[in-house]
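Note sheet for the following structure.
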Amino acid sequence: MPGRDDIFQKAMNEGHSAAWDQEWDKAVSAYRRALQEMPDNPKALSSLALALYQSGAIEEALQIYMNVAKLSPDDPVPMEKVAQLSERLGNLKNAMDAALRAGDLFLQQRDTEKALENWVRVTNLNPEHAIARSRLAQVHEKLGHAQQSVTEYLALASIIQRAGNAEKSKEMVDKAQSISPNSVEVKQAQTLLKTGQLLPKPIRGKGGTGPIRMSQVKQLQEPHASRASSGLDPITEARQKALTQLAELLFEFSDESPAAQERRGLSAIMKGTGGISMQNAEQTTVVLHLGQAIDAQSKGKESQAAEEMEAALEANFKHPALYFNLGLLRYKGERYESAQRFLQNAIKHHDYALGTRLLLGQMLAKKSDFHAAALEYLEALKLADSMTVPSDQADDIRQQYEPFIEAQKNQKDESALQKICENINGLLTRPDWREQMHKTRDQMPKQDGEMLAPLADVILQAQSSSVLESMNRINQLARMGSLRSAMDEAFDAVLHAPTYLPLHTLMGDLLVQEGRPTEAIAKYGVVAQSYSARGEVLQATKLLRRIIQLSPMDLGSRNRLIDQLIARGQIDDAIHEYLELAAIHYRLAELDMARKTFTIALRLVQQGNASRDWNTHILQRMADIDLQRLDWKQALRVYEQIRTLAPDDDSARKQIIELNLRMAQPDKALSELENYINHLESQNKNELAITFLEELVKDHEDQPLLKRTLAAQLHHTGRTTEAVTLLDVLGEVLMEKGDREGAIDAINQIVLMNPPTVEEYRQLLNQMRNKL
């Protein structure tokens, strides 16, 4: 039974609003509420699938798009989405079947460009797909694309020949000859057939290797599928994430779809932003080596895979996923120095921190450096412990590990250190490590109140209780208002634990309470730098945020915060901070710096796993700055890119038209206007087209072309009387200005509309022409 339409519409609007703000979790919740009212509404399902995709839930998004495709079997869009997401997940058979069907549906709607795009997707995945080749050959032939149709017919001939049907193969070659009699390729094919040789195999299209590598990664992960119920150990889990991310990056680099080409079109706007991205030659090299690395690893050739990954690294491809996977491979090959060097570059990223700490611990233990190994294992235990407690208590758990780690720095007993390594390694390097963590916690003595104790209590006989007692006394004195006494107690505690960072953070808090923000900022800055050096990016990030709260204009701290967020993989948060930084430059009237900051943020969107919706948001701000600087040419380029990314953005379309008019380029303005009107008409948005034109005419009364275009649109929608009135007035105005030819064009347009008074206008038109 259908639900309430008002609740449905409200939830949909909330979802659209959240999606516009890139708050994808909120969007998902809103669309789910809408679907509770109308479970089979295709628009709501498609919106939910898009939001899930943007939030990283690709598999669930795929299932929903498959459902939409069943509910709307004649709509090619959901089927195309099924193909794209299946390809992304490495399910190539499903991707090919869906893309083939999507192409057929687009053809039924006479959208040949999209049909061809989907069939090409099939041949990129399987160059010997006969049905897709046949569709491509026939449609290219009908469209008059001689070279493309010949290529497809020859590919089809090769496929058929290898299937054992020589007669049909010759028929395809003859067909190609009839299209292009002088083609060198056709003549070569005829020669091969006459001499009984095989035709060349069809070649995989450019960009087709990314999905293949993703499929190989999926096969690499299948041996672990049987353990899905109990999970993976942290190292294997990190390895799986690293391989998937590398395959996704390869997919992005090698994607030659129109959407990907549009994204890469941003590079022209982002020139001069430093060495954040790779040059084209470097990217080609990276794609080659990454593809070969994944291929080698899928075949168990780990040494070769490592060599290929190092080659990608030398080609300026630096990514935590590459560093972790390379470190793991070098560790397996017992090249510990190289492994340690690579792993240090992955330790800050939250996806790889735990696996990296454990690998470093194992490596150091093998080298009998139990002191350093124990510290790595304790850092790993701290991470694991904070991951298995409620999120609101994770910070407290991490803080409580500091005195344990501090105490172990002074531990001299080798056997005790070795025991720590063995205990933590045994607890964490197992598929059911999360379950074991919970069991161990259940066996611990219950604490008074809600504070959880760290699992290190079970593994270590801690000698750090004195530091915790000191911090308790400091907090009590601060709550009583005795800030000076609290600070004295803190200085005394520092003498006993000089490297215990939570104590230094507490001293910064006391400085804030004492009204000494400058000194507090200095203290927080030093502590944040120390946390960063240890690889504890989360703690460093929190302290840098405190500094920014105390001093929003502290650009140095904001830049350091951005670096920490990028290192941790929090790309969306880093982009948000870049926008805040750009806003500061803007308020200071530093327009060049503001635009440069926006440009760097835009490049980060392209390089990271950020929401692509940031593109238009950032480009709008860049265009605003260009307009303020009166750099109309650059502003026009930016708005054209916005139009490419968001064809329905009427404000960008309007700006393109107005900028062309300002730059005395009326033909280009009219061309842009006609393209937008055609776009709106294709979506049955005729009224929106008229409203758009009326606003343009209102803003540009001196532009007769706009009025004539509005009149044509009014006539097209059946409002001929209004169109005639508009053109009549325009003709009079032009005559008064002495523009007789323009007036004739306006009256002639009325005659072509054939209104009831057409004879009067025809006579007027003849009189005007006779006076020329």
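Identifiers for the structure tokens are assigned positionally: chains receive A, B, ... in sequence, residues are indexed from 1 per chain, and ligands are indexed from 1 in the order shown.
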Extract the full set of helix (DSSP H, G or I) residues from region 278-497 of chain A according to DSSP on the backbone, and format it as a PyMOL selection string.
chain A and resi 280-298+302-314+320-332+336-343+353-366+370-387+391-408+414-428+433-442+456-459+465-479+483-496
Within 12 Å of Arg398 (chain A) using only C-alpha atoms, minus same-chain residues under 5 positions, as a list in words:
Leu378, Glu379, Ala380, Leu381, Lys382, Leu383, Ala384, Asp385, Ser386, Met387, Thr388, Val389, Ser391, Asp392, Gln393, Pro403, Phe404, Ile405, Leu452, Ala453, Pro454, Leu455, Ala456, Leu501, Pro502, Glu536, Leu538 and Gln539 of chain A
Hey, can you spit out that residue selection with N, CA, C and O atoms as a compact mmCIF listing (two decimals), in the first residue's frame?
# COMPACT_ATOMS: atom_id res chain seq x y z
N LEU A 378 52.97 -2.43 21.21
CA LEU A 378 52.11 -1.66 22.11
C LEU A 378 51.31 -0.61 21.33
O LEU A 378 50.13 -0.38 21.62
N GLU A 379 51.96 0.01 20.34
CA GLU A 379 51.23 0.96 19.49
C GLU A 379 50.12 0.23 18.72
O GLU A 379 49.02 0.75 18.54
N ALA A 380 50.42 -0.99 18.27
CA ALA A 380 49.41 -1.78 17.57
C ALA A 380 48.26 -2.14 18.50
O ALA A 380 47.08 -2.05 18.12
N LEU A 381 48.60 -2.52 19.73
CA LEU A 381 47.55 -2.86 20.70
C LEU A 381 46.69 -1.65 21.01
O LEU A 381 45.47 -1.76 21.16
N LYS A 382 47.32 -0.48 21.10
CA LYS A 382 46.57 0.75 21.35
C LYS A 382 45.56 1.00 20.23
O LYS A 382 44.38 1.32 20.49
N LEU A 383 46.01 0.83 18.99
CA LEU A 383 45.10 1.02 17.85
C LEU A 383 43.96 0.01 17.88
O LEU A 383 42.79 0.36 17.70
N ALA A 384 44.32 -1.26 18.09
CA ALA A 384 43.30 -2.32 18.09
C ALA A 384 42.31 -2.13 19.22
O ALA A 384 41.09 -2.31 19.05
N ASP A 385 42.81 -1.74 20.39
CA ASP A 385 41.94 -1.53 21.55
C ASP A 385 40.96 -0.40 21.28
O ASP A 385 39.75 -0.51 21.58
N SER A 386 41.44 0.69 20.71
CA SER A 386 40.55 1.83 20.44
C SER A 386 39.54 1.53 19.34
O SER A 386 38.49 2.17 19.26
N MET A 387 39.85 0.54 18.50
CA MET A 387 38.92 0.16 17.42
C MET A 387 37.81 -0.76 17.90
O MET A 387 36.81 -0.95 17.20
N THR A 388 37.97 -1.37 19.08
CA THR A 388 37.01 -2.37 19.55
C THR A 388 36.23 -1.91 20.78
O THR A 388 35.58 -2.71 21.42
N VAL A 389 36.33 -0.62 21.11
CA VAL A 389 35.52 -0.06 22.19
C VAL A 389 34.55 0.94 21.58
O VAL A 389 34.72 1.36 20.43
N SER A 391 32.99 4.23 20.23
CA SER A 391 33.75 5.34 19.64
C SER A 391 33.92 6.51 20.60
O SER A 391 34.94 7.21 20.55
N ASP A 392 32.93 6.73 21.48
CA ASP A 392 33.05 7.86 22.40
C ASP A 392 34.09 7.61 23.50
O ASP A 392 34.44 8.53 24.25
N GLN A 393 34.58 6.35 23.62
CA GLN A 393 35.58 6.05 24.63
C GLN A 393 36.95 5.74 24.03
O GLN A 393 37.91 5.47 24.75
N PRO A 403 51.14 6.11 29.41
CA PRO A 403 52.07 5.76 30.49
C PRO A 403 52.66 4.36 30.35
O PRO A 403 53.81 4.12 30.74
N PHE A 404 51.89 3.42 29.76
CA PHE A 404 52.43 2.07 29.56
C PHE A 404 53.60 2.11 28.57
O PHE A 404 54.64 1.49 28.79
N ILE A 405 53.39 2.85 27.48
CA ILE A 405 54.45 2.97 26.47
C ILE A 405 55.66 3.69 27.05
O ILE A 405 56.81 3.30 26.82
N LEU A 452 36.63 2.72 30.79
CA LEU A 452 37.19 1.41 30.47
C LEU A 452 38.69 1.44 30.70
O LEU A 452 39.35 2.45 30.50
N ALA A 453 39.22 0.31 31.14
CA ALA A 453 40.67 0.18 31.31
C ALA A 453 41.26 -0.40 30.03
O ALA A 453 40.61 -1.18 29.33
N PRO A 454 42.49 -0.04 29.70
CA PRO A 454 43.12 -0.59 28.49
C PRO A 454 43.48 -2.05 28.66
O PRO A 454 43.79 -2.51 29.77
N LEU A 455 43.48 -2.79 27.56
CA LEU A 455 43.84 -4.20 27.62
C LEU A 455 45.31 -4.39 27.99
O LEU A 455 45.72 -5.49 28.38
N ALA A 456 46.08 -3.33 27.89
CA ALA A 456 47.49 -3.43 28.29
C ALA A 456 47.61 -3.83 29.75
O ALA A 456 48.64 -4.39 30.17
N LEU A 501 52.98 12.67 26.41
CA LEU A 501 52.34 13.76 25.68
C LEU A 501 50.98 14.19 26.24
O LEU A 501 50.66 15.38 26.22
N PRO A 502 50.13 13.28 26.74
CA PRO A 502 48.87 13.75 27.32
C PRO A 502 49.08 14.74 28.46
O PRO A 502 48.25 15.64 28.67
N GLU A 536 51.12 9.19 15.06
CA GLU A 536 49.78 9.23 15.65
C GLU A 536 49.05 10.46 15.10
O GLU A 536 48.91 11.49 15.75
N LEU A 538 45.90 10.98 14.32
CA LEU A 538 44.63 11.38 14.90
C LEU A 538 44.82 12.36 16.04
O LEU A 538 44.14 13.39 16.13
N GLN A 539 45.76 12.06 16.94
CA GLN A 539 46.02 12.96 18.06
C GLN A 539 46.58 14.30 17.58
O GLN A 539 46.21 15.36 18.08
List the spatial neighbours of Ala540 (chain A) as a list of chain:residue names - criterion: any atom at most 6 Å away, only C-alpha atoms, same-chain residues fewer than 6 positions off excluded.
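Residues near the query, excluding close chain neighbours: A:Ala528, A:Tyr531, A:Ser532.
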With only C-alpha atoms as the counted atoms, please give the residues lying no more than 12 Å from Trp20 (chain A), apart from itself and same-chain residues fewer than 5 positions off, as an mmCIF file with N, CA and C atoms, in the first residue's frame.
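Output below, filename selection-v1.cif:
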data_model
loop_
_atom_site.group_PDB
_atom_site.id
_atom_site.type_symbol
_atom_site.label_atom_id
_atom_site.label_comp_id
_atom_site.auth_asym_id
_atom_site.auth_seq_id
_atom_site.Cartn_x
_atom_site.Cartn_y
_atom_site.Cartn_z
ATOM 1 N N ASN A 13 13.274 15.727 -0.531
ATOM 2 C CA ASN A 13 13.886 17.063 -0.526
ATOM 3 C C ASN A 13 15.043 17.134 0.464
ATOM 4 N N GLU A 14 14.861 16.503 1.638
ATOM 5 C CA GLU A 14 15.941 16.478 2.631
ATOM 6 C C GLU A 14 17.147 15.709 2.083
ATOM 7 N N GLY A 15 16.870 14.633 1.376
ATOM 8 C CA GLY A 15 17.956 13.854 0.772
ATOM 9 C C GLY A 15 18.699 14.654 -0.278
ATOM 10 N N LYS A 26 23.690 11.489 5.623
ATOM 11 C CA LYS A 26 22.369 12.084 5.851
ATOM 12 C C LYS A 26 21.461 11.855 4.640
ATOM 13 N N ALA A 27 22.052 11.954 3.464
ATOM 14 C CA ALA A 27 21.270 11.718 2.251
ATOM 15 C C ALA A 27 20.739 10.283 2.210
ATOM 16 N N SER A 47 18.288 7.633 -6.344
ATOM 17 C CA SER A 47 18.940 8.633 -5.488
ATOM 18 C C SER A 47 19.676 7.956 -4.341
ATOM 19 N N ALA A 51 23.755 7.985 -3.553
ATOM 20 C CA ALA A 51 24.289 8.402 -2.248
ATOM 21 C C ALA A 51 25.145 7.296 -1.628
ATOM 22 N N GLN A 54 28.477 7.241 -3.411
ATOM 23 C CA GLN A 54 29.346 8.348 -2.995
ATOM 24 C C GLN A 54 29.907 8.111 -1.594
ATOM 25 N N SER A 611 34.542 13.023 -2.726
ATOM 26 C CA SER A 611 33.307 13.140 -3.488
ATOM 27 C C SER A 611 33.534 14.038 -4.693
ATOM 28 N N ARG A 612 33.099 13.596 -5.857
ATOM 29 C CA ARG A 612 33.281 14.383 -7.079
ATOM 30 C C ARG A 612 32.397 15.622 -7.082
ATOM 31 N N ASP A 613 31.419 15.697 -6.180
ATOM 32 C CA ASP A 613 30.564 16.866 -6.121
ATOM 33 C C ASP A 613 31.317 18.111 -5.661
ATOM 34 N N TRP A 614 32.510 17.896 -5.070
ATOM 35 C CA TRP A 614 33.330 19.050 -4.698
ATOM 36 C C TRP A 614 33.716 19.851 -5.945
ATOM 37 N N ASN A 615 33.805 19.189 -7.103
ATOM 38 C CA ASN A 615 34.304 19.856 -8.314
ATOM 39 C C ASN A 615 33.551 21.143 -8.610
ATOM 40 N N THR A 616 32.224 21.025 -8.751
ATOM 41 C CA THR A 616 31.441 22.209 -9.121
ATOM 42 C C THR A 616 31.454 23.242 -8.005
ATOM 43 N N HIS A 617 31.429 22.778 -6.756
ATOM 44 C CA HIS A 617 31.452 23.693 -5.609
ATOM 45 C C HIS A 617 32.704 24.567 -5.649
#
Which residues come within 12 Å of His576 (chain A), counting only C-alpha atoms, excluding same-chain residues fewer than 5 positions away, as a ChimeraX atom specification?
/A:21-22,558-559,561-562,565-566,570-571,581-583,597-598,600-602,604-605,610-611,614,617-618
Write a file of the just-selected residues containing N, CA and C atoms, as a short mmCIF file (atom, residue, chain, number, x, y, z; two decimals), in the first residue's frame.
data_model
loop_
_atom_site.label_atom_id
_atom_site.label_comp_id
_atom_site.auth_asym_id
_atom_site.auth_seq_id
_atom_site.Cartn_x
_atom_site.Cartn_y
_atom_site.Cartn_z
N ASP A 21 25.04 19.17 -0.24
CA ASP A 21 26.08 19.56 0.72
C ASP A 21 27.14 18.48 0.92
N GLN A 22 27.08 17.40 0.10
CA GLN A 22 28.01 16.28 0.19
C GLN A 22 27.93 15.54 1.53
N ARG A 558 46.80 25.58 10.11
CA ARG A 558 45.77 25.01 9.22
C ARG A 558 46.42 24.19 8.11
N ASN A 559 47.55 24.69 7.58
CA ASN A 559 48.26 23.91 6.55
C ASN A 559 48.79 22.59 7.11
N LEU A 561 47.44 20.97 9.58
CA LEU A 561 46.25 20.14 9.76
C LEU A 561 45.86 19.46 8.45
N ILE A 562 45.91 20.22 7.37
CA ILE A 562 45.57 19.65 6.06
C ILE A 562 46.52 18.50 5.72
N LEU A 565 45.53 15.45 7.70
CA LEU A 565 44.28 14.85 7.21
C LEU A 565 44.54 14.05 5.94
N ILE A 566 45.37 14.60 5.06
CA ILE A 566 45.70 13.87 3.81
C ILE A 566 46.47 12.60 4.14
N GLN A 570 41.80 11.27 5.13
CA GLN A 570 40.54 11.99 5.30
C GLN A 570 40.48 13.13 4.28
N ILE A 571 40.29 12.74 3.03
CA ILE A 571 40.40 13.68 1.93
C ILE A 571 39.29 14.73 1.96
N LEU A 581 40.63 27.76 4.38
CA LEU A 581 41.86 28.52 4.18
C LEU A 581 41.68 29.52 3.03
N ALA A 582 41.06 29.08 1.96
CA ALA A 582 40.80 29.98 0.83
C ALA A 582 39.89 31.12 1.27
N ALA A 583 38.90 30.81 2.11
CA ALA A 583 37.98 31.85 2.59
C ALA A 583 38.72 32.91 3.41
N THR A 597 44.59 28.46 -3.65
CA THR A 597 44.17 27.47 -2.65
C THR A 597 43.00 26.64 -3.17
N PHE A 598 42.04 27.32 -3.81
CA PHE A 598 40.92 26.59 -4.41
C PHE A 598 41.43 25.61 -5.47
N ILE A 600 44.38 24.11 -5.61
CA ILE A 600 45.02 22.96 -4.96
C ILE A 600 43.95 22.01 -4.44
N ALA A 601 42.89 22.56 -3.86
CA ALA A 601 41.78 21.73 -3.36
C ALA A 601 41.15 20.95 -4.50
N LEU A 602 40.99 21.61 -5.65
CA LEU A 602 40.39 20.94 -6.81
C LEU A 602 41.27 19.79 -7.28
N LEU A 604 43.26 18.08 -5.41
CA LEU A 604 43.16 17.02 -4.40
C LEU A 604 41.90 16.18 -4.62
N VAL A 605 40.82 16.83 -5.05
CA VAL A 605 39.59 16.09 -5.38
C VAL A 605 39.89 15.08 -6.48
N ALA A 610 37.80 11.47 -2.90
CA ALA A 610 36.85 12.45 -2.40
C ALA A 610 35.60 12.44 -3.26
N SER A 611 34.54 13.02 -2.73
CA SER A 611 33.31 13.14 -3.49
C SER A 611 33.53 14.04 -4.69
N TRP A 614 32.51 17.90 -5.07
CA TRP A 614 33.33 19.05 -4.70
C TRP A 614 33.72 19.85 -5.94
N HIS A 617 31.43 22.78 -6.76
CA HIS A 617 31.45 23.69 -5.61
C HIS A 617 32.70 24.57 -5.65
N ILE A 618 33.86 23.95 -5.89
CA ILE A 618 35.12 24.68 -5.90
C ILE A 618 35.23 25.54 -7.16
#
